[in-house]
There are 2 protein chains.
Amino acid sequence: MTIKSTLEKVISEDLAEIWSLLSSEEKRLITDNFEIHNFKKNQIIYAEKDNPVYLWCLLKGKVKLYKDGIGGRQQILRLYRPIQYFGYRAYFAREPYVSTAAAFEASSVGSLPMDVVKGMIDNNRDLAWFFIHELSKNLGGSDTKIVTLTQKHIRGRLAEALILLIDNYGFEEDGKTLKIYMAREDVANLSNMTTSNAIRTLSAFAQERIITVDGRRIKIVDEAKLRQISKFG
Amino acid sequence: MTIKSTLEKVISEDLAEIWSLLSSEEKRLITDNFEIHNFKKNQIIYAEKDNPVYLWCLLKGKVKLYKDGIGGRQQILRLYRPIQYFGYRAYFAREPYVSTAAAFEASSVGSLPMDVVKGMIDNNRDLAWFFIHELSKNLGGSDTKIVTLTQKHIRGRLAEALILLIDNYGFEEDGKTLKIYMAREDVANLSNMTTSNAIRTLSAFAQERIITVDGRRIKIVDEAKLRQISKFG
DNA sequence: AAACAATTATGCTTTAAAACATGCAAATTT
DNA sequence: AAATTTGCATGTTTTAAAGCATAATTGTTT
């Protein structure tokens with residue numbers, strides 16, 4: 001599949017917020033500099049301490065942004081779905097990446113040199129606002145996450161993580177099954193706990209009929225209860 | 001003191017980064033809409049869930065940004081010194097505040113309606129970049145903080161908090177004494193621990209001759225050791 | 001100055017979560 | 001198909017930090 005046809009397919013399927021902000025000249029600038037990359041499951045797109053060069057746009061698949069911590073422990077910071085942009089923060093902050101982006105599952109990701117993006121922001125106020133808005137929302141999210149992850153207990157943190165998964169990836173056609181299938185280890189890395197405790201607490205939720213668990217297939221049975229536990233339970 | 005003379009005094013003392021980015025017309029727009037407020041120690045400037053209206057600029061004093069968590073526990077997210085801007089994130093994210101800003105000590109703070117700021121950003125690319133840059137740096141900081149506060153042990157977290165205080169407020173003329181005098185409770189709220197543990201761990205550091213403590217006066221004796229503990233100790 | 005409140009200090013107890021160990025099942029490789 | 005690895009599940013032990021209690025000190029109000 002050519003870059004152009006892939007792009008047009010993606011855009012026709014789910015028009016990205018950003019695209020509508022651009023002039024046809026800017027759109028041409030993008031298609032000329034845009035490259036598509038395919039990443040396998042768990043493959044790293046960019047790593048902490050790398051220098052930021054590209055704006056990345058997730059076209060297909062799922063991407064996690066995480067940070068390696070103490071003793072090989074990871075903390076998942078954000079999850080991306082098509083069509084979302086990432087990898088720009090470090091460039092704007094004029095510093096190396098502080099986190100790593102990796103494909104959660106086989107994914108197609110577009111790249112656009114940040115220098116090109118910078119030039120476009122200089123000439124397009126709406127694009128500037130797009131990034132100001134994105135950064136502001138993310139900062140609010142991270143500030144909130146600081147308190148959640150440090151102050152809530154395990155059950156509250158897991159409940160919150162499950163709600164995040166609902167909000168990010170939604171349900172299968174049955175309206176119950178989470179549309180993401182992740183290892184217990186990733187569930188743990190999302191909710192700041194050990195893998196053992198993620199397994200244990202998922203089992204506890206299943207026993208309490210809040211969810212059902214079948215391998216990596218998680219069905220949300222009682223979302224209200226989940227939200228209640230996340231608030232404090 | 002008039003607004004104008006106070007402003008000019010502040011600006012001549014320590015020219016704010018932002019000011020140099022403005023045209024004289026923009027500067028007039030600011031002085032016409034700028035108001036100066038004085039806050040007493042611990043007085044709240046804005047609170048979580050409020051709607052953002054103003055850009056705030058700290059002129060004199062110290063301000064903390066914090067979030068109330070579980071069981072009356074607070075987490076201090078950021079500290080401000082003159083001349084720094086705050087209160088704009090929620091406006092840009094088009095959401096109510098997720099954190100509270102309060103004066104750490106008696107402080108003078110300027111306000112400028114965000115609508116005015118928005119209009120200026122529309123017409124001033126450098127100003128847009130200023131906020132993109134600030135938001136990006138803050139987001140990197142919050143992402144890093146998530147891992148620090150969840151994964152480091154008490155000693156590491158306290159060491160990191162002390163380094164943050166050095167970086168933010170520096171030393172008295174002796175080059176050793178921290179230029180901020182905060183209650184043990186605030187030290188605790190900065191480093192995600194109980195007041196008891198903040199007291200205990202400060203005492204431990206003093207016994208190990210890493211710092212000396214005399215009431216709220218903290219002298220940094222061995223900064224290298226502190227940085228080592230913060231990395232993991 | 002006396003009385004009171006707030007802050008700092010320290011010891012003891014409890015607890016939530018990590019660390020560790022082991023078993024089992026499913027998936028992958030040979 | 002057998003062997004090996006990987007992931008899931010659960011029980012037990014250990015530990016870091018919270019919670020609680022009580023003084024001692026400092027600061028504030030009357």
# chains A, B, ... in the order shown; residues from 1 in each chain; ligands from 1
>>> closest_atom_pairs(of="chain C", to="chain A", cutoff="12 Å", atoms="only C-alpha atoms (C1' of nucleotides)", output="CSV")
residue,atom,partner,partner_atom,distance
C:DA16,C1',A:His153,CA,8.2
C:DA17,C1',A:Asn197,CA,8.2
C:DA18,C1',A:Thr194,CA,7.5
C:DA19,C1',A:Thr194,CA,9.8
C:DC20,C1',A:Ser196,CA,11.0
C:DA25,C1',A:Gly215,CA,11.2
C:DA26,C1',A:Gly215,CA,10.3
>>> interface_residues(of="chain D", to="chain A", cutoff="9 Å", atoms="only C-alpha atoms (C1' of nucleotides)", output="PyMOL selection string")
chain D and resi 7-10
>>> closest_atom_pairs(of="chain B", to="chain A", cutoff="8 Å", atoms="only C-alpha atoms", output="CSV")
residue,atom,partner,partner_atom,distance
B:Lys67,CA,A:Val147,CA,7.4
B:Gly69,CA,A:Val147,CA,6.3
B:Ile70,CA,A:Gln151,CA,6.3
B:Gln75,CA,A:Val147,CA,6.7
B:Leu77,CA,A:Asp143,CA,7.0
B:Arg89,CA,A:Ser136,CA,5.3
B:Ala90,CA,A:Ser136,CA,6.9
B:Phe92,CA,A:His133,CA,5.5
B:Ala93,CA,A:Ser136,CA,5.0
B:Val98,CA,A:Gly140,CA,6.7
B:Asp122,CA,A:Arg125,CA,6.3
B:Arg125,CA,A:Asp122,CA,6.3
B:Ala128,CA,A:Ala128,CA,6.7
B:Phe131,CA,A:Ile132,CA,7.2
B:Ile132,CA,A:Ile132,CA,5.7
B:His133,CA,A:Ala93,CA,5.2
B:Glu134,CA,A:Ala93,CA,7.4
B:Leu135,CA,A:Leu135,CA,6.1
B:Ser136,CA,A:Ala93,CA,5.0
B:Lys137,CA,A:Ala93,CA,5.1
B:Asn138,CA,A:Leu139,CA,7.2
B:Leu139,CA,A:Leu139,CA,5.1
B:Gly140,CA,A:Val98,CA,6.7
B:Ser142,CA,A:Ser142,CA,5.9
B:Asp143,CA,A:Ser142,CA,6.2
B:Thr144,CA,A:Val98,CA,7.2
B:Lys145,CA,A:Ile146,CA,7.2
B:Ile146,CA,A:Ile146,CA,5.1
B:Val147,CA,A:Gly69,CA,6.3
B:Thr148,CA,A:Gly69,CA,7.9
B:Leu149,CA,A:Thr150,CA,6.8
B:Thr150,CA,A:Thr150,CA,5.7
B:Gln151,CA,A:Ile70,CA,6.3
B:Lys152,CA,A:Ile70,CA,7.2
B:Asn192,CA,A:Thr150,CA,7.3
>>> residues_around(residues="Ile210 in chain A", least_positions_apart="4", cutoff="7 Å", atoms="only C-alpha atoms (C1' of nucleotides)", output="list in words")
Phe205, Ala206, Ile220, Val221, Asp222, Lys225 and Leu226 of chain A
>>> select_by_dssp(residues="range 81-187 of chain A", states="helix (DSSP H, G or I)", output="VMD selection string")
chain A and resid 89 to 93 114 to 123 125 to 151 154 to 169 184 to 187
>>> write_last_selection(atoms="C-alpha atoms", output="mmCIF file, in the first residue's frame")
data_model
loop_
_atom_site.group_PDB
_atom_site.id
_atom_site.type_symbol
_atom_site.label_atom_id
_atom_site.label_comp_id
_atom_site.auth_asym_id
_atom_site.auth_seq_id
_atom_site.Cartn_x
_atom_site.Cartn_y
_atom_site.Cartn_z
ATOM 1 C CA ARG A 89 6.599 17.054 24.022
ATOM 2 C CA ALA A 90 10.351 16.504 24.386
ATOM 3 C CA TYR A 91 11.045 18.468 21.193
ATOM 4 C CA PHE A 92 8.994 21.402 22.448
ATOM 5 C CA ALA A 93 10.711 21.217 25.845
ATOM 6 C CA MET A 114 9.370 18.043 14.022
ATOM 7 C CA ASP A 115 11.195 20.792 12.120
ATOM 8 C CA VAL A 116 8.402 20.678 9.580
ATOM 9 C CA VAL A 117 5.822 20.756 12.365
ATOM 10 C CA LYS A 118 7.576 23.705 13.957
ATOM 11 C CA GLY A 119 7.450 25.632 10.692
ATOM 12 C CA MET A 120 3.789 24.861 10.327
ATOM 13 C CA ILE A 121 2.975 26.034 13.859
ATOM 14 C CA ASP A 122 4.780 29.286 13.092
ATOM 15 C CA ASN A 123 2.323 29.900 10.288
ATOM 16 C CA ARG A 125 -2.352 29.612 14.795
ATOM 17 C CA ASP A 126 -4.906 26.795 14.964
ATOM 18 C CA LEU A 127 -2.132 24.254 14.964
ATOM 19 C CA ALA A 128 -0.430 26.117 17.808
ATOM 20 C CA TRP A 129 -3.680 25.963 19.733
ATOM 21 C CA PHE A 130 -4.027 22.277 18.980
ATOM 22 C CA PHE A 131 -0.741 21.547 20.737
ATOM 23 C CA ILE A 132 -1.377 23.986 23.572
ATOM 24 C CA HIS A 133 -4.660 22.226 24.150
ATOM 25 C CA GLU A 134 -3.195 18.716 23.982
ATOM 26 C CA LEU A 135 -0.302 19.570 26.293
ATOM 27 C CA SER A 136 -2.659 21.226 28.768
ATOM 28 C CA LYS A 137 -4.974 18.235 28.889
ATOM 29 C CA ASN A 138 -2.049 15.853 29.309
ATOM 30 C CA LEU A 139 -0.537 17.961 32.085
ATOM 31 C CA GLY A 140 -3.817 17.950 33.976
ATOM 32 C CA GLY A 141 -3.958 14.191 33.532
ATOM 33 C CA SER A 142 -0.429 13.653 34.794
ATOM 34 C CA ASP A 143 -0.966 15.915 37.796
ATOM 35 C CA THR A 144 -4.083 13.964 38.680
ATOM 36 C CA LYS A 145 -2.278 10.682 38.154
ATOM 37 C CA ILE A 146 0.398 11.691 40.650
ATOM 38 C CA VAL A 147 -2.208 11.799 43.399
ATOM 39 C CA THR A 148 -4.109 8.735 42.245
ATOM 40 C CA LEU A 149 -1.076 6.507 42.051
ATOM 41 C CA THR A 150 0.466 7.689 45.310
ATOM 42 C CA GLN A 151 -2.618 7.877 47.498
ATOM 43 C CA ILE A 154 -4.487 -1.170 45.168
ATOM 44 C CA ARG A 155 -8.175 -1.772 44.501
ATOM 45 C CA GLY A 156 -8.774 1.877 43.708
ATOM 46 C CA ARG A 157 -5.780 2.029 41.408
ATOM 47 C CA LEU A 158 -6.807 -1.082 39.507
ATOM 48 C CA ALA A 159 -10.390 0.138 39.185
ATOM 49 C CA GLU A 160 -9.093 3.423 37.822
ATOM 50 C CA ALA A 161 -6.840 1.622 35.354
ATOM 51 C CA LEU A 162 -9.769 -0.421 34.064
ATOM 52 C CA ILE A 163 -11.824 2.741 33.624
ATOM 53 C CA LEU A 164 -8.914 4.265 31.717
ATOM 54 C CA LEU A 165 -8.944 1.260 29.408
ATOM 55 C CA ILE A 166 -12.684 1.661 28.859
ATOM 56 C CA ASP A 167 -12.268 5.358 28.063
ATOM 57 C CA ASN A 168 -9.313 4.758 25.778
ATOM 58 C CA TYR A 169 -10.236 1.673 23.825
ATOM 59 C CA ARG A 184 -1.210 -8.958 33.682
ATOM 60 C CA GLU A 185 2.215 -7.369 33.837
ATOM 61 C CA ASP A 186 0.997 -4.426 31.746
ATOM 62 C CA VAL A 187 -2.102 -4.082 33.908
#
>>> select_by_dssp(residues="range 5-141 of chain A", states="strand (DSSP E or B)", output="ChimeraX atom specification")
/A:35-39,44-46,54-60,63-68,74-80,84-86,100-103,107-113
>>> write_last_selection(atoms="C-alpha atoms", output="PDB file, in the first residue's frame")
ATOM      1  CA  GLU A  35       6.596   8.281   6.297  1.00  0.00           C
ATOM      2  CA  ILE A  36       4.813   5.201   7.459  1.00  0.00           C
ATOM      3  CA  HIS A  37       6.465   2.670   9.748  1.00  0.00           C
ATOM      4  CA  ASN A  38       5.232  -0.673  10.918  1.00  0.00           C
ATOM      5  CA  PHE A  39       6.090  -1.824  14.401  1.00  0.00           C
ATOM      6  CA  ILE A  44      10.149   0.346  20.693  1.00  0.00           C
ATOM      7  CA  ILE A  45       9.328   3.438  18.617  1.00  0.00           C
ATOM      8  CA  TYR A  46      11.574   5.754  20.578  1.00  0.00           C
ATOM      9  CA  TYR A  54       9.680  13.207  14.686  1.00  0.00           C
ATOM     10  CA  LEU A  55       6.093  13.860  15.402  1.00  0.00           C
ATOM     11  CA  TRP A  56       4.478  10.438  15.479  1.00  0.00           C
ATOM     12  CA  CYS A  57       0.931   9.705  14.495  1.00  0.00           C
ATOM     13  CA  LEU A  58      -0.599   6.377  15.362  1.00  0.00           C
ATOM     14  CA  LEU A  59      -2.570   5.132  12.353  1.00  0.00           C
ATOM     15  CA  LYS A  60      -3.395   1.595  13.360  1.00  0.00           C
ATOM     16  CA  VAL A  63       0.862   2.359  21.614  1.00  0.00           C
ATOM     17  CA  LYS A  64       1.960   2.727  25.208  1.00  0.00           C
ATOM     18  CA  LEU A  65       4.115   5.476  26.651  1.00  0.00           C
ATOM     19  CA  TYR A  66       6.007   4.317  29.707  1.00  0.00           C
ATOM     20  CA  LYS A  67       8.923   5.086  31.939  1.00  0.00           C
ATOM     21  CA  ASP A  68      11.432   2.616  33.318  1.00  0.00           C
ATOM     22  CA  GLN A  74       7.765   0.216  34.443  1.00  0.00           C
ATOM     23  CA  GLN A  75       5.097   2.827  34.808  1.00  0.00           C
ATOM     24  CA  ILE A  76       2.728   3.248  31.880  1.00  0.00           C
ATOM     25  CA  LEU A  77       2.005   6.968  31.556  1.00  0.00           C
ATOM     26  CA  ARG A  78      -0.364   7.184  28.615  1.00  0.00           C
ATOM     27  CA  LEU A  79      -2.008   5.007  25.996  1.00  0.00           C
ATOM     28  CA  TYR A  80      -2.605   6.018  22.398  1.00  0.00           C
ATOM     29  CA  GLN A  84      -3.448  10.344  18.027  1.00  0.00           C
ATOM     30  CA  TYR A  85      -0.175  12.240  17.998  1.00  0.00           C
ATOM     31  CA  PHE A  86       2.768  11.701  20.304  1.00  0.00           C
ATOM     32  CA  THR A 100       9.671   5.358  25.971  1.00  0.00           C
ATOM     33  CA  ALA A 101       7.022   4.687  23.324  1.00  0.00           C
ATOM     34  CA  ALA A 102       6.377   1.107  22.257  1.00  0.00           C
ATOM     35  CA  ALA A 103       3.796  -0.698  20.197  1.00  0.00           C
ATOM     36  CA  SER A 107       0.916  -1.003  14.766  1.00  0.00           C
ATOM     37  CA  SER A 108       1.295   1.411  11.867  1.00  0.00           C
ATOM     38  CA  VAL A 109       2.731   4.751  12.797  1.00  0.00           C
ATOM     39  CA  GLY A 110       3.356   7.797  10.636  1.00  0.00           C
ATOM     40  CA  SER A 111       6.287  10.125  11.180  1.00  0.00           C
ATOM     41  CA  LEU A 112       6.740  13.771  10.303  1.00  0.00           C
ATOM     42  CA  PRO A 113       9.935  15.694  11.091  1.00  0.00           C
TER      43      PRO A 113
END
>>> residues_around(residues="Gly170 in chain A", least_positions_apart="6", cutoff="9 Å", atoms="only C-alpha atoms (C1' of nucleotides)", output="list in words")
Lys176, Thr177, Leu178, Lys179 and Ile180 of chain A
>>> residues_around(residues="range 23-29 of chain D", least_positions_apart="4", cutoff="8 Å", atoms="only C-alpha atoms (C1' of nucleotides)", output="ChimeraX atom specification")
/C:4-9
>>> atom_distance(atom1="C1' of DC12 in chain C", atom2="C1' of DA21 in chain D")
8.4 Å
>>> atom_distance(atom1="CA of Ile83 in chain B", atom2="CA of Leu22 in chain B")
15.9 Å
